[in-house]
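Raw contents of protein_3.tsv, TSV, C-alpha atoms:
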```
chain	number	residue	atom	x	y	z
A	1	MET	CA	-16.58	-25.33	3.10
A	2	MET	CA	-17.53	-23.25	0.06
A	3	SER	CA	-20.99	-23.14	-1.42
A	4	LEU	CA	-21.45	-24.05	-5.06
A	5	THR	CA	-22.07	-20.40	-5.84
A	6	ASP	CA	-18.67	-19.46	-4.46
A	7	LEU	CA	-17.00	-22.17	-6.54
A	8	GLU	CA	-18.80	-20.99	-9.66
A	9	LEU	CA	-17.85	-17.39	-8.97
A	10	LEU	CA	-14.20	-18.30	-8.45
A	11	LYS	CA	-14.20	-20.37	-11.64
A	12	LEU	CA	-15.50	-17.38	-13.58
A	13	ILE	CA	-12.99	-15.01	-11.98
A	14	ASN	CA	-10.02	-17.33	-12.57
A	15	ASP	CA	-10.73	-17.56	-16.28
A	16	PRO	CA	-9.37	-14.42	-18.05
A	17	LYS	CA	-12.23	-14.58	-20.57
A	18	THR	CA	-14.94	-14.44	-17.90
A	19	LYS	CA	-13.11	-12.49	-15.20
A	20	GLU	CA	-15.17	-9.27	-15.52
A	21	LYS	CA	-18.39	-11.26	-15.53
A	22	GLY	CA	-17.23	-13.06	-12.39
A	23	TYR	CA	-16.45	-9.78	-10.63
A	24	ARG	CA	-19.87	-8.42	-11.53
A	25	HIS	CA	-21.64	-11.51	-10.21
A	26	LEU	CA	-19.63	-11.38	-7.00
A	27	LEU	CA	-20.56	-7.72	-6.53
A	28	GLU	CA	-24.23	-8.28	-7.24
A	29	PHE	CA	-24.34	-11.28	-4.93
A	30	TYR	CA	-22.52	-9.84	-1.90
A	31	GLN	CA	-22.78	-6.05	-2.12
A	32	LYS	CA	-25.79	-5.63	0.19
A	33	ARG	CA	-24.41	-7.75	3.00
A	34	VAL	CA	-20.93	-6.24	2.76
A	35	TYR	CA	-22.34	-2.71	2.63
A	36	GLY	CA	-24.63	-3.56	5.58
A	37	ILE	CA	-21.84	-4.53	7.97
A	38	ILE	CA	-19.68	-1.57	6.90
A	39	ARG	CA	-22.58	0.88	7.30
A	40	LYS	CA	-23.26	-0.37	10.84
A	41	MET	CA	-19.68	0.44	11.72
A	42	VAL	CA	-19.20	3.81	9.99
A	43	ILE	CA	-22.88	4.93	10.14
A	44	ILE	CA	-22.55	7.69	7.51
A	45	HIS	CA	-23.63	6.52	4.05
A	46	GLU	CA	-20.92	8.41	2.12
A	47	ASP	CA	-18.23	6.85	4.32
A	48	ALA	CA	-19.80	3.41	3.94
A	49	ASP	CA	-19.80	3.88	0.15
A	50	ASP	CA	-16.05	4.65	0.17
A	51	VAL	CA	-15.18	1.75	2.46
A	52	CYS	CA	-17.40	-0.64	0.49
A	53	GLN	CA	-15.65	0.26	-2.79
A	54	ASN	CA	-12.23	-0.14	-1.16
A	55	THR	CA	-13.27	-3.52	0.22
A	56	PHE	CA	-14.23	-4.93	-3.18
A	57	ILE	CA	-11.20	-3.42	-4.94
A	58	LYS	CA	-8.96	-5.01	-2.32
A	59	ALA	CA	-10.83	-8.31	-2.72
A	60	PHE	CA	-10.34	-8.27	-6.51
A	61	LYS	CA	-6.62	-7.57	-6.11
A	62	ASN	CA	-6.16	-10.43	-3.66
A	63	ILE	CA	-8.66	-12.98	-4.85
A	64	HIS	CA	-5.85	-15.18	-6.25
A	65	ASN	CA	-4.67	-15.53	-2.61
A	66	PHE	CA	-8.07	-16.79	-1.47
A	67	GLN	CA	-7.46	-20.37	-0.43
A	68	GLY	CA	-11.02	-21.55	0.13
A	69	ASN	CA	-10.50	-22.49	3.79
A	70	SER	CA	-13.57	-20.44	4.59
A	71	GLY	CA	-16.52	-19.23	2.56
A	72	LEU	CA	-16.05	-16.34	0.17
A	73	PHE	CA	-18.45	-14.32	2.29
A	74	THR	CA	-16.40	-14.87	5.48
A	75	TRP	CA	-13.31	-13.72	3.57
A	76	LEU	CA	-15.12	-10.63	2.24
A	77	TYR	CA	-16.44	-9.86	5.72
A	78	ARG	CA	-12.92	-10.05	7.09
A	79	ILE	CA	-11.71	-7.48	4.55
A	80	ALA	CA	-14.79	-5.30	5.16
A	81	THR	CA	-14.38	-5.26	8.94
A	82	ASN	CA	-10.65	-4.51	8.67
A	83	GLU	CA	-11.32	-1.68	6.22
A	84	SER	CA	-14.04	-0.27	8.51
A	85	LEU	CA	-11.82	-0.34	11.60
A	86	ASN	CA	-8.92	1.23	9.66
A	87	PHE	CA	-11.23	3.92	8.33
A	88	LEU	CA	-12.46	4.81	11.83
A	89	GLU	CA	-8.87	4.84	13.09
A	90	LYS	CA	-7.88	7.30	10.34
A	91	LYS	CA	-10.91	9.50	11.08
A	92	LYS	CA	-9.91	9.65	14.72
A	93	ARG	CA	-6.43	10.93	13.90
A	94	ARG	CA	-7.86	13.86	11.93
A	95	TYR	CA	-9.41	15.43	15.00
A	96	PHE	CA	-7.59	17.12	17.86
A	97	PHE	CA	-9.93	15.50	20.37
A	98	PRO	CA	-10.42	12.44	18.23
A	99	ILE	CA	-12.86	9.93	19.67
A	100	GLU	CA	-15.57	12.29	20.85
A	101	ASP	CA	-15.58	14.42	17.71
A	102	HIS	CA	-16.07	11.60	15.26
A	103	ARG	CA	-18.60	9.91	17.53
A	104	SER	CA	-20.57	13.15	17.77
A	105	ALA	CA	-20.49	13.42	13.96
A	106	MET	CA	-22.07	9.93	13.75
A	107	VAL	CA	-24.62	10.75	16.48
A	108	HIS	CA	-25.53	13.94	14.63
A	109	TYR	CA	-25.99	11.88	11.45
A	110	ILE	CA	-28.36	9.47	13.24
A	111	ASP	CA	-30.45	12.39	14.49
A	112	HIS	CA	-30.60	14.39	11.29
A	113	SER	CA	-29.85	12.38	8.14
A	114	SER	CA	-32.56	11.47	5.66
A	115	HIS	CA	-30.83	8.08	5.27
A	116	ILE	CA	-31.95	7.04	8.75
A	117	SER	CA	-35.39	5.61	9.46
A	118	GLY	CA	-36.92	4.09	12.59
A	119	ASP	CA	-38.43	5.41	15.78
A	120	ASP	CA	-36.77	7.21	18.67
A	121	ILE	CA	-36.09	4.00	20.64
A	122	GLN	CA	-34.24	2.46	17.71
A	123	LYS	CA	-32.24	5.65	17.18
A	124	THR	CA	-31.40	5.68	20.89
A	125	LEU	CA	-30.21	2.07	20.65
A	126	GLN	CA	-27.92	3.01	17.74
A	127	LYS	CA	-26.49	5.92	19.71
A	128	ILE	CA	-25.86	3.71	22.76
A	129	ILE	CA	-24.11	1.13	20.55
A	130	LEU	CA	-21.85	3.96	19.34
A	131	LYS	CA	-20.57	4.40	22.89
A	132	LEU	CA	-18.99	0.91	22.83
A	133	PRO	CA	-15.31	0.58	21.94
A	134	GLU	CA	-15.02	-0.09	18.20
A	135	LYS	CA	-14.00	-3.75	18.33
A	136	GLN	CA	-16.73	-4.51	20.85
A	137	ARG	CA	-19.19	-2.64	18.63
A	138	LEU	CA	-18.10	-4.87	15.74
A	139	VAL	CA	-18.67	-8.01	17.84
A	140	PHE	CA	-22.08	-6.75	18.90
A	141	ASN	CA	-23.11	-5.90	15.33
A	142	LEU	CA	-21.98	-9.27	13.95
A	143	LYS	CA	-23.89	-11.18	16.62
A	144	TYR	CA	-26.97	-9.06	17.21
A	145	PHE	CA	-27.76	-7.71	13.75
A	146	GLU	CA	-26.03	-10.18	11.41
A	147	ASP	CA	-26.87	-13.23	13.54
A	148	LEU	CA	-23.55	-14.90	12.82
A	149	SER	CA	-22.29	-17.90	14.79
A	150	TYR	CA	-19.32	-17.45	17.12
A	151	ASP	CA	-17.29	-19.76	14.86
A	152	GLU	CA	-17.93	-17.54	11.85
A	153	MET	CA	-17.17	-14.44	13.91
A	154	SER	CA	-13.94	-16.04	15.08
A	155	LYS	CA	-12.85	-16.59	11.46
A	156	ILE	CA	-13.76	-13.02	10.52
A	157	THR	CA	-12.13	-11.25	13.45
A	158	GLY	CA	-9.27	-13.67	14.16
A	159	THR	CA	-10.33	-13.75	17.83
A	160	SER	CA	-11.09	-16.81	19.96
A	161	VAL	CA	-14.69	-17.90	20.49
A	162	GLY	CA	-14.31	-17.45	24.27
A	163	ALA	CA	-13.12	-13.85	23.91
A	164	LEU	CA	-15.96	-13.09	21.50
A	165	LYS	CA	-18.57	-14.52	23.88
A	166	ALA	CA	-17.20	-12.46	26.75
A	167	SER	CA	-17.06	-9.32	24.61
A	168	TYR	CA	-20.66	-9.75	23.42
A	169	HIS	CA	-21.88	-10.46	26.95
A	170	HIS	CA	-20.25	-7.26	28.26
A	171	ALA	CA	-21.62	-5.24	25.35
A	172	VAL	CA	-25.19	-6.43	26.03
A	173	LYS	CA	-24.81	-5.57	29.75
A	174	LYS	CA	-23.55	-2.07	28.95
A	175	ILE	CA	-26.36	-1.42	26.47
A	176	GLU	CA	-29.06	-2.69	28.87
A	177	ASN	CA	-27.69	-0.48	31.66
A	178	GLU	CA	-27.72	2.54	29.35
A	179	LEU	CA	-31.26	1.78	28.18
A	180	GLN	CA	-32.47	1.53	31.81
A	181	THR	CA	-30.74	4.69	33.00
A	182	GLY	CA	-31.53	6.65	29.83
B	1	MET	CA	-33.22	-5.27	24.74
B	2	LYS	CA	-35.29	-8.40	24.20
B	3	HIS	CA	-38.34	-6.19	23.66
B	4	LEU	CA	-36.68	-4.15	20.94
B	5	GLU	CA	-37.26	-4.94	17.28
B	6	LYS	CA	-34.14	-5.74	15.28
B	7	ASN	CA	-34.86	-3.29	12.49
B	8	ASN	CA	-32.09	-1.87	10.37
B	9	ILE	CA	-32.63	1.88	10.53
B	10	LEU	CA	-29.64	2.70	8.30
B	11	LYS	CA	-30.97	3.28	4.78
B	12	GLU	CA	-29.10	3.79	1.52
B	13	PRO	CA	-30.17	6.20	-1.24
B	14	GLU	CA	-32.62	4.82	-3.76
B	15	GLY	CA	-31.03	2.86	-6.60
B	16	TYR	CA	-27.71	2.76	-4.80
B	17	PHE	CA	-27.11	-0.97	-5.29
B	18	GLU	CA	-28.00	-0.78	-8.97
B	19	SER	CA	-25.11	1.57	-9.74
B	20	LEU	CA	-22.57	0.30	-7.20
B	21	PRO	CA	-21.20	-2.66	-9.26
B	22	ASP	CA	-20.57	-0.39	-12.29
B	23	ARG	CA	-18.80	2.22	-10.18
B	24	ILE	CA	-16.58	-0.38	-8.49
B	25	LEU	CA	-15.72	-2.10	-11.79
B	26	GLN	CA	-14.88	1.25	-13.40
B	27	ARG	CA	-12.63	2.19	-10.47
B	28	HIS	CA	-11.01	-1.23	-10.57
B	29	SER	CA	-10.15	-0.97	-14.28
B	30	LYS	CA	-8.85	2.61	-13.80
B	31	GLU	CA	-6.59	1.43	-10.97
B	32	LYS	CA	-5.44	-1.50	-13.09
B	33	ILE	CA	-4.48	0.86	-15.94
B	34	ARG	CA	-2.73	3.16	-13.46
B	35	SER	CA	-0.74	0.28	-11.98
B	36	ILE	CA	0.23	-1.00	-15.46
B	37	TYR	CA	1.36	2.55	-16.34
B	38	ARG	CA	3.38	2.80	-13.11
B	39	LEU	CA	4.93	-0.61	-13.79
B	40	SER	CA	5.89	0.30	-17.35
B	41	MET	CA	7.36	3.62	-16.18
B	42	ALA	CA	9.44	1.77	-13.62
B	43	ALA	CA	10.60	-0.71	-16.26
B	44	ALA	CA	11.52	2.17	-18.61
B	45	ALA	CA	13.47	3.88	-15.82
B	46	VAL	CA	15.40	0.66	-15.17
B	47	VAL	CA	16.21	0.29	-18.87
B	48	VAL	CA	17.42	3.92	-19.07
B	49	LEU	CA	19.51	3.48	-15.92
B	50	VAL	CA	21.13	0.27	-17.17
B	51	PHE	CA	21.83	1.89	-20.55
B	52	ALA	CA	23.35	4.98	-18.89
B	53	LEU	CA	25.56	2.80	-16.68
B	54	PHE	CA	26.65	0.80	-19.71
B	55	VAL	CA	27.52	3.94	-21.70
B	56	PHE	CA	29.33	5.84	-18.94
B	57	ARG	CA	31.19	2.99	-17.31
B	58	THR	CA	32.74	1.34	-20.38
B	59	VAL	CA	35.62	3.11	-22.20
B	60	PRO	CA	35.37	2.60	-25.95
B	61	PRO	CA	37.64	-0.36	-26.76
B	62	GLU	CA	39.03	1.25	-29.96
B	63	VAL	CA	40.51	4.16	-27.89
B	64	ASN	CA	42.39	1.73	-25.63
B	65	GLU	CA	43.62	-0.25	-28.61
B	66	PHE	CA	44.84	2.85	-30.43
B	67	GLU	CA	46.83	4.07	-27.38
B	68	ALA	CA	48.41	0.64	-26.84
B	69	ASN	CA	49.46	0.38	-30.52
B	70	LEU	CA	50.92	3.88	-30.54
B	71	GLU	CA	53.02	3.26	-27.42
B	72	GLU	CA	54.29	-0.04	-28.87
B	73	GLU	CA	55.22	1.63	-32.17
B	74	VAL	CA	57.13	4.48	-30.44
B	75	ASN	CA	59.06	1.92	-28.34
B	76	LEU	CA	59.96	-0.02	-31.48
B	77	TYR	CA	61.32	3.10	-33.19
B	78	ILE	CA	63.40	4.04	-30.09
B	79	ASN	CA	64.75	0.50	-29.55
B	80	ALA	CA	65.68	0.14	-33.22
B	81	GLY	CA	67.69	3.38	-33.02
B	82	HIS	CA	65.58	5.19	-35.61
B	83	TRP	CA	64.56	7.84	-33.04
B	84	ASN	CA	66.68	9.47	-30.36
B	85	ALA	CA	65.57	11.69	-27.40
B	86	GLU	CA	65.41	14.84	-29.55
B	87	ASP	CA	63.20	13.14	-32.11
B	88	VAL	CA	60.75	12.05	-29.44
B	89	LEU	CA	60.72	15.50	-27.86
B	90	SER	CA	60.13	17.12	-31.24
B	91	LEU	CA	56.88	15.07	-31.52
B	92	SER	CA	55.49	16.99	-28.57
B	93	GLU	CA	53.73	20.35	-28.94
B	94	ASP	CA	55.71	21.77	-25.99
B	95	PRO	CA	59.06	19.93	-25.54
B	96	ASN	CA	60.21	22.47	-22.90
B	97	LEU	CA	57.31	21.59	-20.64
B	98	ILE	CA	58.24	17.91	-20.77
B	99	LEU	CA	61.87	18.74	-19.99
B	100	ASP	CA	60.80	20.99	-17.06
B	101	GLU	CA	58.65	18.19	-15.65
B	102	ILE	CA	61.52	15.69	-15.92
B	103	ILE	CA	63.96	18.10	-14.20
B	104	ALA	CA	61.45	18.95	-11.45
B	105	SER	CA	60.87	15.28	-10.65
B	106	GLU	CA	64.63	14.49	-10.70
B	107	TRP	CA	65.55	17.49	-8.52
B	108	GLY	CA	62.63	16.91	-6.20
B	109	GLU	CA	63.89	13.42	-5.36
B	110	TYR	CA	67.44	14.63	-5.02
B	111	GLN	CA	66.51	17.54	-2.70
B	112	MET	CA	64.46	15.27	-0.42
B	113	GLU	CA	67.28	12.76	-0.06
B	114	ASP	CA	69.75	15.60	0.40
B	115	GLY	CA	67.59	17.28	3.07
B	116	ALA	CA	67.26	14.05	5.06
B	117	GLU	CA	71.04	13.61	5.07
B	118	PHE	CA	71.47	17.25	6.13
B	119	GLU	CA	69.13	16.78	9.09
B	120	GLU	CA	71.00	13.67	10.19
B	121	ASP	CA	74.25	15.63	10.05
B	122	LEU	CA	72.86	18.23	12.41
B	123	TRP	CA	71.76	15.68	15.01
B	124	PHE	CA	75.01	13.77	15.22
```

Take the structure in the file and write it out as structure tokens.
Amino acid sequence: MMSLTDLELLKLINDPKTKEKGYRHLLEFYQKRVYGIIRKMVIIHEDADDVCQNTFIKAFKNIHNFQGNSGLFTWLYRIATNESLNFLEKKKRRYFFPIEDHRSAMVHYIDHSSHISGDDIQKTLQKIILKLPEKQRLVFNLKYFEDLSYDEMSKITGTSVGALKASYHHAVKKIENELQTG
Amino acid sequence: MKHLEKNNILKEPEGYFESLPDRILQRHSKEKIRSIYRLSMAAAAVVVLVFALFVFRTVPPEVNEFEANLEEEVNLYINAGHWNAEDVLSLSEDPNLILDEIIASEWGEYQMEDGAEFEEDLWF
């Protein structure tokens, strides 16, 4: 199941003498992909930075529980998606009218931040994706942007392949409708 | 949607990924130190608590021993006829108080028994 790189990384991490080196290699190897999936969920860079740090800290604390049934990346993705969803849930609770206020903060960020590139159509697509419920947004991002297989997505989200297919199908329909009407 | 390009429009600040591993490793070691500190504080608290329980819950054995020996010795003197009631009373700082307590307890019992009999007399 695991690639040789994962085995090498785990070997380094499990040896007290090379633990720090192992952590550094793991970070350098996976940071971009982990940050990428978190950023697509939380949109704002500063939030993504926080969630990304929490993800790796949590991974380091629990790496001795990693059983190798899936790839290290799938395991890291699982932590990252959980942390992202928890973060969004906490953000919601801080507002009196929760969902709309945080969504509008993310939409505002897409329109005005210097950490966003792309043309108007791509920005519009991002804003339409933000209208999806969070778990459906996660499914859409994993499939559309990350190009993961349904099996991998199932391991990450703990949801059946059938439910994921249905969720993605509905998400695409909603986005296409919005693009046509908008 | 098929006609849209799959570009990632979400960009990170320049040099972000060069500093991220250092920042995470620093935070990790700080948290490790903090958790070790918390653990050692908890261990110290447990030690203090156990020590306090040990000190406050056990009566010094020498005090018990001394009291037992003293009582035994006094009994020996009385049984052997070396001491009589006056001698024992004279050992006390306030013999009158002891006598008052003895009388009060004797009379108390007597009055209660007497009162109960008196009430029975009234009823029959």

Counting only C-alpha atoms, which residues of chain A fall within 8 Å of chain B, and what is the closest atom pair for each with its distance in Å at one decimal, ordered by chain and rising number, as JSON lines?
```
{"residue": "A:Tyr23", "atom": "CA", "partner": "B:Leu25", "partner_atom": "CA", "distance": 7.8}
{"residue": "A:Arg24", "atom": "CA", "partner": "B:Pro21", "partner_atom": "CA", "distance": 6.3}
{"residue": "A:Leu27", "atom": "CA", "partner": "B:Pro21", "partner_atom": "CA", "distance": 5.8}
{"residue": "A:Glu28", "atom": "CA", "partner": "B:Pro21", "partner_atom": "CA", "distance": 6.7}
{"residue": "A:Gln31", "atom": "CA", "partner": "B:Phe17", "partner_atom": "CA", "distance": 7.4}
{"residue": "A:Lys32", "atom": "CA", "partner": "B:Phe17", "partner_atom": "CA", "distance": 7.3}
{"residue": "A:Arg39", "atom": "CA", "partner": "B:Leu10", "partner_atom": "CA", "distance": 7.4}
{"residue": "A:Lys40", "atom": "CA", "partner": "B:Leu10", "partner_atom": "CA", "distance": 7.5}
{"residue": "A:Ile43", "atom": "CA", "partner": "B:Leu10", "partner_atom": "CA", "distance": 7.4}
{"residue": "A:His45", "atom": "CA", "partner": "B:Glu12", "partner_atom": "CA", "distance": 6.6}
{"residue": "A:Gln53", "atom": "CA", "partner": "B:Ile24", "partner_atom": "CA", "distance": 5.8}
{"residue": "A:Phe56", "atom": "CA", "partner": "B:Ile24", "partner_atom": "CA", "distance": 7.4}
{"residue": "A:Ile57", "atom": "CA", "partner": "B:His28", "partner_atom": "CA", "distance": 6.0}
{"residue": "A:His115", "atom": "CA", "partner": "B:Lys11", "partner_atom": "CA", "distance": 4.8}
{"residue": "A:Ile116", "atom": "CA", "partner": "B:Leu10", "partner_atom": "CA", "distance": 4.9}
{"residue": "A:Ser117", "atom": "CA", "partner": "B:Ile9", "partner_atom": "CA", "distance": 4.8}
{"residue": "A:Gly118", "atom": "CA", "partner": "B:Ile9", "partner_atom": "CA", "distance": 5.2}
{"residue": "A:Gln122", "atom": "CA", "partner": "B:Ile9", "partner_atom": "CA", "distance": 7.4}
{"residue": "A:Lys123", "atom": "CA", "partner": "B:Ile9", "partner_atom": "CA", "distance": 7.7}
{"residue": "A:Phe145", "atom": "CA", "partner": "B:Lys6", "partner_atom": "CA", "distance": 6.9}
{"residue": "A:Glu176", "atom": "CA", "partner": "B:Met1", "partner_atom": "CA", "distance": 6.4}
```

* To do: Enter the distance from atom CA of Ser19 of chain B to atom CA of Ser70 of chain A, in Å, rounded to one decimal.
  =>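 Between atom CA of Ser19 of chain B and atom CA of Ser70 of chain A the gap works out to 28.7 Å.
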
* What is the distance between atom CA of Glu152 of chain A and atom CA of His169 of chain A, in Å to one decimal? ->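 Distance reported for this atom pair: 17.1 Å.
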
* Interatomic distance, atom CA of Leu70 of chain B to atom CA of Leu53 of chain B (Å, one decimal) -> 28.9 Å

* Using only C-alpha atoms, which residue out of A:Lys165, A:Lys155, A:Lys21, A:Lys91 lies closest to Lys143 of chain A? -> A:Lys165

* Skipping near chain neighbours, those fewer than 3 positions away, what residues fall within 8 Å of Ala59 of chain A using only C-alpha atoms, listed as an MDAnalysis selection string? -> chainID A and resid 55:56 62:63 76 79

Store the residues picked out above in a file with C-alpha atoms, as a compact mmCIF listing (two decimals), in the coordinates of the input.
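So result01.txt came out as:
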```
# COMPACT_ATOMS: atom_id res chain seq x y z
CA THR A 55 -13.27 -3.52 0.22
CA PHE A 56 -14.23 -4.93 -3.18
CA ASN A 62 -6.16 -10.43 -3.66
CA ILE A 63 -8.66 -12.98 -4.85
CA LEU A 76 -15.12 -10.63 2.24
CA ILE A 79 -11.71 -7.48 4.55
```

* To do: Determine the nearest neighbour of Phe66 of chain A from the options A:Glu146, A:Glu83, A:Asp6, A:Glu178, counting all atoms listed in the file.
  =>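 Using all atoms listed in the file, Phe66 of chain A sits closest to A:Asp6.
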